[in-house]
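Visitor: Sharing run09.txt, compact mmCIF, C-alpha atoms:
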# COMPACT_ATOMS: atom_id res chain seq x y z
CA MET A 1228 0.00 0.00 0.00
CA SER A 1229 1.27 3.47 -0.85
CA PRO A 1230 1.85 5.89 2.03
CA PRO A 1231 -0.57 8.83 2.42
CA VAL A 1232 2.12 11.06 0.90
CA ALA A 1233 3.58 9.73 -2.35
CA VAL A 1234 7.05 10.69 -3.59
CA VAL A 1235 7.67 11.23 -7.29
CA THR A 1236 10.97 12.03 -8.98
CA ASP A 1237 12.57 11.98 -12.42
CA SER A 1238 15.00 9.48 -13.88
CA THR A 1239 18.14 11.56 -13.26
CA ALA A 1240 18.13 10.48 -9.62
CA TYR A 1241 19.44 7.11 -10.91
CA LEU A 1242 18.28 5.25 -7.81
CA GLY A 1243 17.65 1.90 -9.46
CA ALA A 1244 14.66 -0.41 -9.36
CA GLU A 1245 15.45 -1.94 -5.96
CA ALA A 1246 15.46 1.36 -4.09
CA THR A 1247 12.48 2.88 -5.89
CA GLY A 1248 10.45 -0.28 -5.39
CA ARG A 1249 11.34 -0.59 -1.73
CA TRP A 1250 10.38 3.00 -0.94
CA ASN A 1251 7.36 3.31 -3.28
CA ILE A 1252 9.03 6.04 -5.35
CA THR A 1253 7.45 6.82 -8.69
CA VAL A 1254 9.91 7.75 -11.44
CA VAL A 1255 9.00 9.83 -14.50
CA PRO A 1256 11.68 9.31 -17.18
CA ILE A 1257 13.29 12.06 -19.20
CA ARG A 1258 13.56 11.36 -22.94
CA VAL A 1259 16.80 11.12 -24.92
CA ILE A 1260 17.02 11.41 -28.71
CA LEU A 1261 20.08 9.67 -30.16
CA GLY A 1262 20.11 10.43 -33.87
CA ASP A 1263 16.94 8.81 -35.17
CA ARG A 1264 16.21 6.87 -31.96
CA GLU A 1265 14.26 8.10 -28.94
CA ILE A 1266 14.63 6.32 -25.61
CA ASP A 1267 13.71 6.77 -21.97
CA ASP A 1268 16.45 7.65 -19.49
CA VAL A 1269 16.62 4.33 -17.68
CA THR A 1270 19.38 2.19 -16.20
CA PRO A 1271 20.83 -0.18 -17.13
CA PHE A 1272 20.97 1.04 -20.72
CA ASP A 1273 22.91 0.40 -23.92
CA ALA A 1274 26.12 2.24 -23.09
CA GLY A 1275 27.59 1.26 -26.43
CA LEU A 1276 24.76 3.02 -28.26
CA LEU A 1277 25.39 6.22 -26.32
CA ALA A 1278 29.15 5.98 -26.76
CA HIS A 1279 28.77 5.54 -30.50
CA ALA A 1280 26.49 8.57 -30.73
CA LEU A 1281 28.81 10.72 -28.61
CA LYS A 1282 32.00 9.79 -30.38
CA GLY A 1283 30.37 10.09 -33.80
CA ARG A 1284 28.96 13.52 -32.90
CA SER A 1285 25.48 12.29 -33.77
CA PRO A 1286 22.72 14.68 -32.70
CA ILE A 1287 21.86 13.99 -29.04
CA LEU A 1288 18.97 15.83 -27.48
CA THR A 1289 17.35 15.53 -24.09
CA SER A 1290 13.72 16.44 -23.56
CA ARG A 1291 12.01 17.16 -20.28
CA PRO A 1292 8.91 15.03 -19.68
CA ALA A 1293 5.72 16.55 -21.02
CA PRO A 1294 3.34 17.73 -18.29
CA GLU A 1295 1.02 14.91 -19.37
CA ARG A 1296 3.53 12.33 -18.18
CA PHE A 1297 3.59 13.89 -14.75
CA ALA A 1298 -0.18 14.17 -14.78
CA ASP A 1299 -0.43 10.44 -15.48
CA ALA A 1300 1.98 9.66 -12.65
CA TYR A 1301 0.11 11.88 -10.20
CA ARG A 1302 -3.20 10.33 -11.17
CA ARG A 1303 -1.86 6.80 -10.67
CA VAL A 1304 -0.47 7.42 -7.19
CA ALA A 1305 -3.68 9.20 -6.17
CA GLU A 1306 -5.69 6.21 -7.36
CA ASN A 1307 -3.43 4.01 -5.22
CA GLY A 1308 -4.40 5.95 -2.11
CA ALA A 1309 -2.03 8.90 -1.85
CA ALA A 1310 -3.61 11.94 -0.23
CA ALA A 1311 -0.76 14.26 -1.30
CA ILE A 1312 2.35 14.16 -3.47
CA VAL A 1313 5.86 15.54 -3.09
CA SER A 1314 7.59 15.68 -6.49
CA VAL A 1315 11.38 16.11 -6.25
CA HIS A 1316 13.44 16.92 -9.35
CA LEU A 1317 16.78 17.84 -10.83
CA SER A 1318 17.99 21.42 -10.81
CA GLY A 1319 15.76 23.88 -12.63
CA ALA A 1320 18.91 25.62 -13.87
CA LEU A 1321 19.74 22.49 -15.88
CA SER A 1322 16.31 21.38 -17.06
CA GLY A 1323 12.67 22.43 -17.31
CA THR A 1324 11.58 19.16 -15.70
CA ALA A 1325 10.40 20.83 -12.48
CA ASP A 1326 8.41 23.32 -14.57
CA SER A 1327 6.59 20.44 -16.29
CA ALA A 1328 5.85 18.97 -12.89
CA ARG A 1329 4.42 22.28 -11.68
CA LEU A 1330 2.15 22.54 -14.73
CA ALA A 1331 0.82 19.05 -14.06
CA ALA A 1332 0.44 19.76 -10.34
CA GLY A 1333 -2.23 22.35 -11.07
CA GLU A 1334 -4.49 19.68 -12.54
CA ALA A 1335 -3.66 16.83 -10.14
CA PRO A 1336 -6.47 15.18 -8.15
CA VAL A 1337 -4.52 15.66 -4.88
CA PRO A 1338 -2.20 18.44 -3.64
CA VAL A 1339 1.29 18.32 -5.17
CA GLU A 1340 4.36 20.13 -3.81
CA VAL A 1341 7.21 20.36 -6.34
CA VAL A 1342 10.77 20.54 -4.99
CA ASP A 1343 13.67 21.76 -7.11
CA SER A 1344 16.63 19.89 -5.59
CA GLY A 1345 19.20 22.19 -7.17
CA SER A 1346 21.18 19.05 -7.98
CA ILE A 1347 21.29 15.92 -10.13
CA ALA A 1348 22.17 12.21 -9.84
CA MET A 1349 22.61 11.20 -6.19
CA GLY A 1350 22.59 14.82 -5.07
CA LEU A 1351 18.95 14.47 -6.06
CA GLY A 1352 18.71 10.78 -5.19
CA PHE A 1353 19.62 11.14 -1.53
CA ALA A 1354 16.97 13.86 -1.17
CA VAL A 1355 14.37 11.60 -2.78
CA LEU A 1356 15.27 8.67 -0.52
CA ASP A 1357 15.00 10.76 2.64
CA ALA A 1358 11.67 12.17 1.48
CA ALA A 1359 10.36 8.66 0.86
CA ARG A 1360 11.51 7.50 4.29
CA ALA A 1361 9.75 10.46 5.89
CA ALA A 1362 6.59 9.70 3.90
CA ALA A 1363 6.73 6.08 5.06
CA THR A 1364 6.59 7.24 8.69
CA GLY A 1365 3.36 9.13 8.00
CA ALA A 1366 4.89 12.63 7.89
CA PRO A 1367 2.70 15.30 6.25
CA ALA A 1368 3.57 16.62 2.79
CA ALA A 1369 5.12 19.88 4.04
CA GLU A 1370 7.48 17.94 6.28
CA VAL A 1371 8.36 15.47 3.53
CA ALA A 1372 9.17 18.36 1.16
CA GLY A 1373 11.25 20.05 3.85
CA VAL A 1374 13.26 16.88 4.38
CA ALA A 1375 14.00 16.73 0.66
CA ARG A 1376 15.09 20.37 0.52
CA ARG A 1377 17.38 20.07 3.54
CA ARG A 1378 18.98 16.87 2.34
CA ALA A 1379 19.62 18.30 -1.12
CA ALA A 1380 21.08 21.52 0.29
CA ALA A 1381 23.41 19.60 2.60
CA ALA A 1382 24.87 17.35 -0.12
CA SER A 1383 28.07 18.15 -2.00
CA THR A 1384 28.68 16.85 -5.52
CA PHE A 1385 31.98 16.90 -7.38
CA PHE A 1386 32.81 15.27 -10.68
CA TYR A 1387 35.47 14.85 -13.31
CA VAL A 1388 34.96 14.86 -17.07
CA GLU A 1389 37.42 14.03 -19.82
CA THR A 1390 36.40 17.17 -21.72
CA LEU A 1391 34.05 20.10 -21.31
CA ASP A 1392 32.90 19.80 -24.91
CA TYR A 1393 29.73 17.85 -24.14
CA LEU A 1394 28.64 20.28 -21.42
CA ARG A 1395 29.34 23.22 -23.70
CA HIS A 1396 27.39 21.72 -26.61
CA GLY A 1397 24.48 21.13 -24.25
CA GLY A 1398 24.62 24.71 -22.96
CA ARG A 1399 25.37 23.60 -19.40
CA ILE A 1400 28.65 25.45 -19.02
CA GLY A 1401 30.22 28.59 -20.46
CA ARG A 1402 32.06 28.60 -23.78
CA VAL A 1403 35.02 30.60 -22.44
CA THR A 1404 35.67 28.07 -19.69
CA ASN A 1405 35.61 25.29 -22.27
CA LEU A 1406 38.13 27.03 -24.53
CA LEU A 1407 40.52 27.71 -21.68
CA GLY A 1408 40.42 24.11 -20.53
CA SER A 1409 40.93 22.74 -24.02
CA ALA A 1410 43.76 25.12 -24.86
CA LEU A 1411 45.74 24.09 -21.80
CA SER A 1412 44.94 20.35 -22.16
CA ILE A 1413 43.73 20.38 -18.58
CA LYS A 1414 41.22 17.97 -17.06
CA PRO A 1415 38.40 19.81 -15.29
CA LEU A 1416 37.01 19.06 -11.87
CA LEU A 1417 33.47 20.38 -11.56
CA ARG A 1418 30.95 20.93 -8.79
CA MET A 1419 27.27 21.58 -8.34
CA ALA A 1420 26.75 24.99 -6.76
CA ASP A 1421 23.52 27.00 -6.55
CA GLY A 1422 21.88 24.56 -8.92
CA GLU A 1423 24.48 25.01 -11.67
CA ILE A 1424 27.62 23.27 -12.87
CA GLY A 1425 30.83 25.19 -12.39
CA VAL A 1426 34.56 24.57 -12.66
CA LEU A 1427 36.18 23.91 -9.30
CA GLU A 1428 39.74 23.05 -10.27
CA LYS A 1429 41.81 22.02 -13.29
CA VAL A 1430 44.23 19.14 -13.09
CA ARG A 1431 46.61 17.72 -15.66
CA THR A 1432 45.89 13.99 -15.55
CA GLY A 1433 43.02 11.61 -14.94
CA SER A 1434 44.91 9.96 -12.06
CA ARG A 1435 45.32 13.34 -10.36
CA ALA A 1436 41.63 13.99 -10.84
CA LEU A 1437 40.80 10.71 -9.12
CA ALA A 1438 43.04 11.60 -6.18
CA ARG A 1439 41.50 15.07 -5.88
CA LEU A 1440 37.94 13.71 -5.97
CA GLU A 1441 38.86 11.42 -3.10
CA ASP A 1442 40.44 14.26 -1.10
CA LEU A 1443 37.49 16.58 -1.73
CA ALA A 1444 35.01 13.97 -0.53
CA VAL A 1445 37.04 13.24 2.60
CA ASP A 1446 37.35 16.95 3.40
CA VAL A 1447 33.62 17.55 2.99
CA ALA A 1448 32.71 14.51 5.08
CA GLY A 1449 34.87 15.59 7.99
CA ASP A 1450 34.08 13.59 11.12
CA ARG A 1451 30.35 13.30 10.36
CA PRO A 1452 28.46 10.12 9.47
CA VAL A 1453 27.84 10.36 5.73
CA ASP A 1454 26.24 8.61 2.81
CA VAL A 1455 28.42 8.61 -0.29
CA ALA A 1456 27.65 7.87 -3.92
CA VAL A 1457 30.22 7.19 -6.62
CA GLN A 1458 28.74 7.46 -10.09
CA HIS A 1459 30.38 7.14 -13.47
CA LEU A 1460 29.88 6.78 -17.20
CA MET A 1461 31.94 4.04 -18.82
CA ALA A 1462 34.59 4.37 -16.11
CA ALA A 1463 33.98 1.31 -13.95
CA GLU A 1464 37.63 0.75 -12.99
CA ARG A 1465 38.11 4.31 -11.82
CA ALA A 1466 34.81 4.16 -9.94
CA GLU A 1467 35.97 1.00 -8.17
CA ALA A 1468 39.28 2.61 -7.23
CA LEU A 1469 37.54 5.70 -5.87
CA THR A 1470 35.09 3.56 -3.92
CA LYS A 1471 37.89 1.58 -2.30
CA GLY A 1472 39.81 4.73 -1.42
CA LEU A 1473 36.80 6.42 0.16
CA THR A 1474 35.76 3.32 2.07
CA ALA A 1475 39.21 3.12 3.60
CA ARG A 1476 39.36 6.81 4.50
CA LEU A 1477 35.84 7.47 5.80
CA PRO A 1478 35.49 5.78 9.20
CA ARG A 1479 31.93 7.09 9.64
CA LEU A 1480 30.67 6.01 6.24
CA VAL A 1481 27.05 4.87 6.62
CA ARG A 1482 26.32 3.65 3.11
CA MET A 1483 28.13 3.63 -0.21
CA TRP A 1484 26.26 3.73 -3.52
CA VAL A 1485 28.03 2.86 -6.76
CA ALA A 1486 26.22 3.15 -10.09
CA GLU A 1487 26.57 4.11 -13.72
CA VAL A 1488 24.55 7.15 -14.79
CA GLY A 1489 22.01 6.99 -17.58
CA PRO A 1490 21.87 8.55 -21.03
CA VAL A 1491 20.46 11.96 -20.05
CA LEU A 1492 23.39 12.86 -17.81
CA GLY A 1493 25.72 10.84 -20.01
CA ALA A 1494 24.85 12.90 -23.07
CA HIS A 1495 26.08 16.03 -21.28
CA VAL A 1496 29.20 14.73 -19.53
CA GLY A 1497 30.56 12.19 -22.00
CA PRO A 1498 32.41 8.90 -21.49
CA GLY A 1499 34.87 8.79 -18.61
CA MET A 1500 32.84 10.93 -16.21
CA LEU A 1501 33.46 10.11 -12.55
CA GLY A 1502 31.54 11.80 -9.76
CA VAL A 1503 31.09 11.65 -6.01
CA THR A 1504 28.27 12.93 -3.83
CA VAL A 1505 28.67 13.28 -0.07
CA ALA A 1506 25.56 13.77 2.06
CA PRO A 1507 25.40 13.96 5.87
CA ALA A 1508 23.53 10.89 7.05
CA ALA A 1509 21.26 12.92 9.31
CA VAL A 1510 19.96 16.40 8.44
CA ASN A 1511 18.07 18.20 11.21
Since I need it in another form, could you write the structure as structure tokens?

Guide:
Amino acid sequence: MSPPVAVVTDSTAYLGAEATGRWNITVVPIRVILGDREIDDVTPFDAGLLAHALKGRSPILTSRPAPERFADAYRRVAENGAAAIVSVHLSGALSGTADSARLAAGEAPVPVEVVDSGSIAMGLGFAVLDAARAAATGAPAAEVAGVARRRAAAASTFFYVETLDYLRHGGRIGRVTNLLGSALSIKPLLRMADGEIGVLEKVRTGSRALARLEDLAVDVAGDRPVDVAVQHLMAAERAEALTKGLTARLPRLVRMWVAEVGPVLGAHVGPGMLGVTVAPAAVN
């Protein structure tokens, strides 16, 4: 049975079927257009298809869900007994997904509160999980939404990309930054800040980037109990190395998530992306 407050999110949380099923989380997928093919942003997915499209510079477009898809999701959870809905989504600075959710909320059969997480991937995912846990305890919608907002605000996300080209082509980062990075043959370390992607540091090698990601995560965690997510795109070996390093260096690690991101995020970061999200395990 669904809890009185249902939690809805979009596919860029990349939580996986086990977690969404366990916590009764409804996922509305974002669409990806790879050349002449259109697919939903789901995991696992055909990484080879995405890699071929990226390396061949085939047209890759991402499309926020139409309001009708959110309307269908809201109607379904209401029919299953939800008295209210909290809909938590990726940063509005990166996508119009939350706007689509708000349009659908106006026509929903039960009250819907839309939360812009200001993040993506597990920066969003941890917020969704905490919201679902709060909903499962019977918390009212305003409290569930507040939990999601606090958890998202408390998380820190850093990531490495092989090149800024994909982010530039997608309009997610400035052209000047891209040109500087390319001209110097420097590998960029990025961060989510105020809902946007920005350059944090520039390093000269992929191995140095891996070491810096580990150091950044350890510094942010401090002596607090934390949840950590390592996410990647076609970089499983580096993800494994980062996971081992963090597990050894974080004595108060509560849970470690390791997953490959889907095609929506993949289309903007390109093969080789490696990211880490650190979230305090308890947000008051």

Visitor: Measuring atom to atom with only C-alpha atoms, identify which of A:Glu1340, A:Glu1265, A:Glu1295, A:Glu1487 is nearest to A:Val1232.

Guide: A:Glu1340

Visitor: My list of candidates is A:Thr1384, A:Thr1504, A:Thr1474, A:Ser1344. Which is closest to A:Leu1427 when distances are computed with all atoms listed in the file?

Guide: A:Thr1384

Visitor: Using only C-alpha atoms, which of A:Ala1335, A:Leu1261, A:Ala1448, A:Ala1379 sits nearest A:Val1481?

Guide: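 Comparing A:Ala1335, A:Leu1261, A:Ala1448, A:Ala1379 against A:Val1481, the winner is A:Ala1448.
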
Visitor: With only C-alpha atoms as the counted atoms, please give the residues lying no more than 8 Å from A:Ala1310, apart from itself and same-chain residues fewer than 2 positions off, as a PyMOL selection string.

Guide: chain A and resi 1231-1233+1305+1308+1312+1337-1338

Visitor: Would you compute the distance between atom CA of A:Leu1277 and atom CA of A:Ala1486? Give it in Å to one decimal.

Guide: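 Interatomic distance here is 16.5 Å.
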
Visitor: Between atom CA of A:Ala1328 and atom CA of A:Val1374, measure the distance and give it in Å to one decimal.

Guide: 18.9 Å

Visitor: Find the residue from A:Ser1314, A:Ser1383, A:Ser1290, A:Ser1327 that sits nearest to A:Leu1443; use all atoms listed in the file when measuring.

Guide: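 Answer, going by the shortest atom-to-atom distance: A:Ser1383.
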
Visitor: With all atoms listed in the file as the basis for distance, which of A:Ala1309, A:Ala1293, A:Leu1469, A:Ala1380 is at the shortest distance from A:Asp1326?

Guide: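 Closest to A:Asp1326, using all atoms listed in the file: A:Ala1293.
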
Visitor: With 9 Å as the threshold, what does the neighbourhood of (16.2, 24.2, -11.2) contain in terms of residues, counting only C-alpha atoms? Coordinates are those of the file; answer as an MDAnalysis selection string.

Guide: chainID A and resid 1316:1326 1343:1346 1422:1423

Visitor: Select, from A:Phe1353, A:Phe1297, A:Tyr1241, A:Trp1250, the residue with the minimum atom-to-atom distance to A:Ala1508, counting all atoms listed in the file.

Guide: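 Between A:Phe1353, A:Phe1297, A:Tyr1241, A:Trp1250, the residue approaching A:Ala1508 most closely is A:Phe1353.
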
Visitor: How would you write as a ChimeraX atom specification the residues that get within 12 Å of (40.6, 3.8, -3.2) in the file's frame, counting all atoms listed in the file?

Guide: /A:1434,1437-1442,1444-1445,1457,1464-1477

Visitor: Would you compute the distance between atom CA of A:Ala1246 and atom CA of A:Ala1311? Give it in Å to one decimal.

Guide: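 Computing the Euclidean distance for atom CA of A:Ala1246 and atom CA of A:Ala1311 yields 20.9 Å.
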
Visitor: Which residues are close to A:Gly1352, i.e. within 7 Å by all atoms listed in the file, leaving aside same-chain residues fewer than 4 positions away? Reply as JSON, numbers by chain.

Guide: {"A": [1240, 1241, 1242, 1348, 1356]}

Visitor: Name the residues in contact with A:Asp1268 at a cut-off of 9 Å, using all atoms listed in the file, excluding same-chain residues fewer than 2 positions from it; report them as a list in words.

Guide: Ser1238, Thr1239, Pro1256, Ile1257, Arg1258, Val1259, Ile1266, Thr1270, Phe1272, Gly1489, Pro1490, Val1491 and Leu1492 of chain A

Visitor: Contacts of A:Ala1375 at 7 Å or less, counting only C-alpha atoms, minus same-chain residues fewer than 2 places along, as a list in words?

Guide: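 These residues fall inside the cut-off: Ala1354, Val1355, Asp1357, Ala1358, Val1371, Ala1372, Gly1373, Arg1377, Arg1378 and Ala1379 of chain A.
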